[in-house]
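Reading through the structure tokens given below for one structure.
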Amino acid sequence: MRKWIGPAVLLLFLVACQPQVREHVTLRADGKTYFLSTSERVPSRILAQLGLSLGPDDRLLYLGASTPAEAALPDSPVLFLDLRRAGTLTLVGPDGTRTLTTSAATVGQALAEAGMALYAADRFDPPAETPLLLPMTVTYTPARPLTVHTANGTLAIRSAAGTVGQALAEAGLSLQGLDTSQPDASAALPADGQVRLVHVVESVALTEKSLPYSTRTELTADLELDQQSLLQPGAAGLAVTRTRTRSEDGVTVATTPEGETVVRPPEDRVVGYGTKVVLRTATVDGQTLTYWRVLNLYATAYSPCASAGTAGKCYTGTSSGRVAGKGVVAMVYSWYLLFGNDTLYIPGYGYGVVGDTGGGAPPGNHYWIDLGYADGDPAIYSWGSWVTVYFLAPPEPNPGYILP
């Protein structure tokens with residue numbers, strides 16, 4: 001048995017000194033996948049066994065994370081490595097074009113590793129999270145600082161938007177309704193970085209207004225001449241006026257009338273004026289009269305050469321061609337046109353014919369009659385009072401229903 005002890009010990013020694021072999025080292029590099037069984041755990045030596053080299057800007061990844069080429073990997077039966085080769089990234093920005101050599105995984109990572117201060121509001125084309133497929137060109141628009149002034153305070157933001165409106169929207173301050181901004185929402189970002197957001201509210205107030213009705217007269221054969229009756233009561237109308245008030249940041253800046261709308265037009269008050277001519281008989285001063293109209297008129301008197309207020313003035317002619325004197329009476333011109341040559345009876349005066357016009361009527365009073373007398377008749381001075389005047393038959397074909 002002793003003669004076998006020496007060879008057995010030697011065999012165990014040789015086995016113990018042999019390197020242990022690891023299985024399943026997987027390496028992806030240069031578009032290929034390499035499989036290697038090795039006991040080596042240092043990445044640079046594994047690369048050497050595969051005939052690969054690591055450039056100065058290349059990046060070695062273990063399980064997706066960068067790992068030093070000379071540091072031993074964890075003791076594991078399965079190793080996964082990625083070799084990311086460095087390439088050229090062309091960055092186009094507001095200050096010109098810059099070339100970077102990088103092996104970063106994404107656009108944003110490459111720029112951050114290049115020492116650029118990046119903000120969430122910066123704009124990249126393609127976006128920052130885009131995987132790098134080198135060579136690649138990226139357009140970079142850095143966000144600018146803005147100070148937004150509102151009614152509730154001041155807010156500092158950054159934006160790379162093309163317009164003020166886009167910058168406000170990105171900051172959650174989009175214009176609502178009638179809101180405005182200074183500069184305008186369509187304007188480029190201001191050079192001084194100052195933006196004012198103006199909250200605009202417009203309200204419309206409605207005010208009711210009563211519209212007065214008018215009164216008009218309608219002829220009606222259902223009523224006796226000179227009688228009146230209410231045919232339709234008037235009704236006021238209703239109009240609505242609109243007034244628009246504009247406030248900016250809670251302060252009223254304008255109040256503008258916007259016109260009036262008639263909601264309900266007024267209805268005229270209609271008064272019926274009788275046109276039915278009725279002949280009546282009366283005894284006045286012992287005279288039996290048949291008349292078709294009777295009016296209460298203010299009576300004055302005149303003579304060719306003497307009249308109340310016109311002493312010393314003589315005239316004999318009249319508008320009808322008759323000679324002025326007893327029996328010829330005058331009325332205002334508009335009444336003369338209606339009653340010229342009509343025969344009247346005036347109590348205390350007698351019969352008279354409308355044959356003249358005069359200007360002696362009290363101001364604004366058409367209900368006036370001027371009684372003619374002969375010169376020297378003392379009765380001329382007894383008038384200046386109201387009197388009932390009878391219009392004797394036959395009536396006029398057009399008796400002037402509504403007196404002017």
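Here's how to read the names in the structure tokens: chain A, B, ... by the order shown, residue numbers from 1 in each chain, ligand numbers from 1 in the order shown.
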Residue contacts of Glu70 of chain A (9 Å, only C-alpha atoms) excluding same-chain residues fewer than 5 positions away, as a VMD selection string | chain A and resid 42 to 45
Take the residues from that selection and write them out as a compact mmCIF listing (two decimals), in the first residue's frame, keeping N, CA and C atoms.
```txt
# COMPACT_ATOMS: atom_id res chain seq x y z
N VAL A 42 -11.87 39.49 -14.60
CA VAL A 42 -11.46 40.87 -14.88
C VAL A 42 -11.87 41.19 -16.32
N PRO A 43 -12.72 42.21 -16.57
CA PRO A 43 -13.25 42.47 -17.91
C PRO A 43 -12.18 42.67 -18.97
N SER A 44 -11.09 43.40 -18.65
CA SER A 44 -10.08 43.64 -19.68
C SER A 44 -9.45 42.34 -20.15
N ARG A 45 -9.27 41.35 -19.22
CA ARG A 45 -8.68 40.07 -19.58
C ARG A 45 -9.67 39.22 -20.38
```
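Using only C-alpha atoms, the residues found no farther than 10 Å from Ser186 of chain A, other than those of its own chain fewer than 5 positions away, are Gly162, Thr163, Val164, Gly165, Gln166 and Ser181 of chain A.
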Compile the contact shell of Leu189 of chain A as JSON, numbers by chain: residues with an atom at most 12 Å away, counting only C-alpha atoms, same-chain residues fewer than 5 positions apart removed.
-> {"A": [143, 144, 145, 146, 147, 148, 158, 159, 160, 161, 162, 163, 164, 165, 166, 167, 168, 181, 182, 183, 184, 194, 195, 196]}
Please return, as a compact mmCIF listing (two decimals) with C-alpha atoms, in the first residue's frame, all residues of segment 162-379 of chain A that DSSP assigns to strand (DSSP E) on the basis of the backbone.
```txt
# COMPACT_ATOMS: atom_id res chain seq x y z
CA THR A 180 -54.50 88.08 -22.10
CA SER A 181 -50.77 88.33 -21.66
CA GLN A 182 -48.16 91.01 -22.10
CA GLN A 194 -40.86 89.58 -17.96
CA VAL A 195 -44.37 88.29 -18.70
CA ARG A 196 -47.63 89.57 -17.27
CA LEU A 197 -50.71 87.35 -17.14
CA VAL A 198 -53.92 89.39 -17.09
CA VAL A 200 -60.00 89.22 -17.81
CA VAL A 201 -63.66 88.92 -16.87
CA GLU A 202 -66.54 90.47 -18.80
CA SER A 203 -70.06 90.65 -17.46
CA VAL A 204 -73.25 91.92 -19.05
CA ALA A 205 -75.87 93.73 -16.98
CA LEU A 206 -79.44 93.97 -18.22
CA THR A 207 -81.54 96.98 -17.24
CA GLU A 208 -85.25 97.19 -17.89
CA LYS A 209 -86.70 100.42 -19.21
CA SER A 210 -90.36 101.35 -19.55
CA LEU A 211 -91.39 102.71 -22.94
CA THR A 215 -102.29 108.51 -27.65
CA ARG A 216 -103.95 108.70 -31.04
CA THR A 217 -107.43 109.51 -32.15
CA GLU A 218 -109.53 107.45 -34.52
CA LEU A 219 -112.77 108.56 -36.11
CA THR A 220 -115.75 106.37 -35.34
CA ALA A 221 -119.30 106.53 -36.67
CA ASP A 222 -120.55 104.80 -33.54
CA LEU A 223 -120.27 108.04 -31.55
CA GLU A 224 -122.04 111.35 -31.98
CA GLN A 228 -115.08 110.78 -27.33
CA SER A 229 -114.65 107.26 -26.01
CA LEU A 230 -111.67 105.16 -25.06
CA LEU A 231 -111.33 102.43 -27.69
CA GLN A 232 -108.07 100.95 -26.42
CA GLY A 237 -93.66 98.83 -23.58
CA LEU A 238 -90.52 97.25 -22.22
CA ALA A 239 -86.96 97.67 -23.42
CA VAL A 240 -83.81 96.08 -22.10
CA THR A 241 -80.47 97.86 -22.23
CA ARG A 242 -77.22 95.90 -22.16
CA THR A 243 -74.09 97.20 -20.46
CA ARG A 244 -70.84 95.26 -20.70
CA THR A 245 -68.29 95.65 -17.90
CA ARG A 246 -64.70 94.53 -18.37
CA SER A 247 -62.36 93.93 -15.45
CA GLU A 248 -58.68 93.06 -15.53
CA VAL A 251 -60.18 96.09 -11.51
CA THR A 252 -62.91 97.54 -13.73
CA VAL A 253 -61.32 99.07 -16.82
CA ALA A 254 -64.29 99.67 -19.12
CA THR A 255 -68.07 99.96 -19.03
CA THR A 256 -69.62 99.93 -22.49
CA PRO A 257 -73.32 100.36 -23.41
CA GLU A 258 -74.32 97.81 -26.03
CA GLY A 259 -77.61 99.22 -27.14
CA GLU A 260 -81.24 98.68 -26.37
CA THR A 261 -83.58 95.86 -27.36
CA VAL A 262 -87.32 96.36 -27.40
CA VAL A 263 -88.76 93.31 -25.71
CA ARG A 264 -92.36 94.47 -25.82
CA ARG A 269 -103.95 104.55 -26.29
CA VAL A 270 -106.72 104.96 -28.86
CA VAL A 271 -109.45 107.51 -28.35
CA GLY A 272 -112.53 107.30 -30.55
CA TYR A 273 -113.84 110.61 -31.88
CA GLY A 274 -117.46 110.59 -33.02
CA THR A 275 -118.42 111.44 -36.60
CA LYS A 276 -122.16 110.79 -36.40
CA ARG A 280 -131.08 118.68 -32.60
CA THR A 281 -133.54 121.45 -31.75
CA ALA A 282 -133.28 124.00 -28.95
CA THR A 283 -134.92 127.32 -28.02
CA VAL A 284 -132.33 129.95 -27.17
CA GLN A 287 -135.21 131.53 -31.09
CA THR A 288 -135.97 127.96 -32.17
CA LEU A 289 -132.72 126.54 -33.50
CA THR A 290 -131.93 123.37 -35.43
CA TYR A 291 -128.27 122.69 -35.00
CA TRP A 292 -125.80 119.90 -35.72
CA ARG A 293 -122.95 120.99 -33.50
CA VAL A 294 -122.53 123.00 -30.34
CA LEU A 295 -119.20 124.25 -28.95
CA ASN A 296 -118.14 126.31 -25.96
CA LEU A 297 -115.95 129.13 -27.33
CA TYR A 298 -114.19 132.14 -25.84
CA ALA A 299 -115.85 135.22 -27.35
CA THR A 300 -114.33 138.63 -28.04
CA ALA A 301 -115.68 141.46 -30.22
CA TYR A 302 -114.43 143.87 -32.90
CA VAL A 328 -119.83 138.60 -39.45
CA VAL A 329 -117.70 136.61 -36.99
CA ALA A 330 -114.07 135.56 -37.15
CA MET A 331 -112.19 132.43 -36.09
CA THR A 343 -124.23 130.09 -39.96
CA LEU A 344 -124.02 130.20 -36.18
CA TYR A 345 -126.14 131.38 -33.30
CA ILE A 346 -124.38 132.98 -30.35
CA GLY A 350 -127.59 136.51 -32.35
CA TYR A 351 -126.96 135.03 -35.77
CA GLY A 352 -123.56 135.23 -37.37
CA VAL A 353 -121.69 133.90 -40.41
CA VAL A 354 -118.11 132.73 -40.22
CA GLY A 355 -116.61 135.19 -42.67
CA ASP A 356 -113.26 136.33 -41.35
CA THR A 357 -110.04 135.27 -39.64
CA TRP A 368 -112.20 131.30 -29.94
CA ILE A 369 -114.70 133.44 -31.81
CA ASP A 370 -114.50 137.19 -32.59
CA LEU A 371 -117.93 138.83 -32.92
CA GLY A 372 -118.31 141.63 -35.47
```
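The alpha helix (DSSP H) portion of segment 36-171 of chain A consists of Pro43, Ser44, Arg45, Ile46, Leu47, Ala48, Gln49, Val107, Gly108, Gln109, Ala110, Leu111, Ala112, Glu113, Val164, Gly165, Gln166, Ala167, Leu168, Ala169 and Glu170 of chain A, with states taken from DSSP on the backbone.
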Write a file of the selected residues as a tab-separated table (two decimals), in the first residue's frame, keeping N, CA and C atoms.
```tsv
chain	number	residue	atom	x	y	z
A	43	PRO	N	-12.72	42.21	-16.57
A	43	PRO	CA	-13.25	42.47	-17.91
A	43	PRO	C	-12.18	42.67	-18.97
A	44	SER	N	-11.09	43.40	-18.65
A	44	SER	CA	-10.08	43.64	-19.68
A	44	SER	C	-9.45	42.34	-20.15
A	45	ARG	N	-9.27	41.35	-19.22
A	45	ARG	CA	-8.68	40.07	-19.58
A	45	ARG	C	-9.67	39.22	-20.38
A	46	ILE	N	-10.97	39.36	-20.02
A	46	ILE	CA	-11.97	38.63	-20.81
A	46	ILE	C	-11.98	39.15	-22.23
A	47	LEU	N	-11.91	40.51	-22.38
A	47	LEU	CA	-11.88	41.08	-23.72
A	47	LEU	C	-10.64	40.59	-24.48
A	48	ALA	N	-9.52	40.50	-23.78
A	48	ALA	CA	-8.29	40.04	-24.43
A	48	ALA	C	-8.44	38.62	-24.93
A	49	GLN	N	-9.11	37.76	-24.11
A	49	GLN	CA	-9.31	36.38	-24.54
A	49	GLN	C	-10.17	36.31	-25.80
A	107	VAL	N	-29.43	60.50	-25.41
A	107	VAL	CA	-29.05	61.87	-25.73
A	107	VAL	C	-28.81	62.67	-24.45
A	108	GLY	N	-29.75	62.60	-23.51
A	108	GLY	CA	-29.63	63.36	-22.28
A	108	GLY	C	-28.41	62.97	-21.47
A	109	GLN	N	-28.11	61.66	-21.41
A	109	GLN	CA	-26.96	61.19	-20.65
A	109	GLN	C	-25.66	61.73	-21.27
A	110	ALA	N	-25.60	61.73	-22.60
A	110	ALA	CA	-24.40	62.22	-23.27
A	110	ALA	C	-24.15	63.68	-22.97
A	111	LEU	N	-25.20	64.49	-22.99
A	111	LEU	CA	-25.04	65.92	-22.73
A	111	LEU	C	-24.70	66.18	-21.27
A	112	ALA	N	-25.34	65.45	-20.37
A	112	ALA	CA	-25.02	65.62	-18.96
A	112	ALA	C	-23.58	65.26	-18.67
A	113	GLU	N	-23.08	64.16	-19.28
A	113	GLU	CA	-21.70	63.74	-19.06
A	113	GLU	C	-20.72	64.74	-19.68
A	164	VAL	N	-45.00	83.13	-26.10
A	164	VAL	CA	-45.39	83.37	-24.71
A	164	VAL	C	-46.53	82.45	-24.30
A	165	GLY	N	-47.50	82.28	-25.20
A	165	GLY	CA	-48.64	81.43	-24.90
A	165	GLY	C	-48.25	80.00	-24.63
A	166	GLN	N	-47.31	79.46	-25.42
A	166	GLN	CA	-46.84	78.09	-25.21
A	166	GLN	C	-46.10	77.97	-23.89
A	167	ALA	N	-45.30	78.99	-23.55
A	167	ALA	CA	-44.56	78.95	-22.29
A	167	ALA	C	-45.51	78.94	-21.10
A	168	LEU	N	-46.58	79.77	-21.17
A	168	LEU	CA	-47.55	79.81	-20.08
A	168	LEU	C	-48.28	78.47	-19.95
A	169	ALA	N	-48.64	77.89	-21.09
A	169	ALA	CA	-49.35	76.61	-21.06
A	169	ALA	C	-48.49	75.52	-20.45
A	170	GLU	N	-47.20	75.49	-20.81
A	170	GLU	CA	-46.30	74.48	-20.25
A	170	GLU	C	-46.16	74.62	-18.74
```
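Counting from atom CA of Leu89 of chain A, the distance to atom CA of Met136 of chain A is 5.1 Å.
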Distance query segment 398-404 of chain A at most 7 Å, only C-alpha atoms, self and fewer than 5 positions along chain excluded, as a ChimeraX atom specification = /A:225,275,334,338
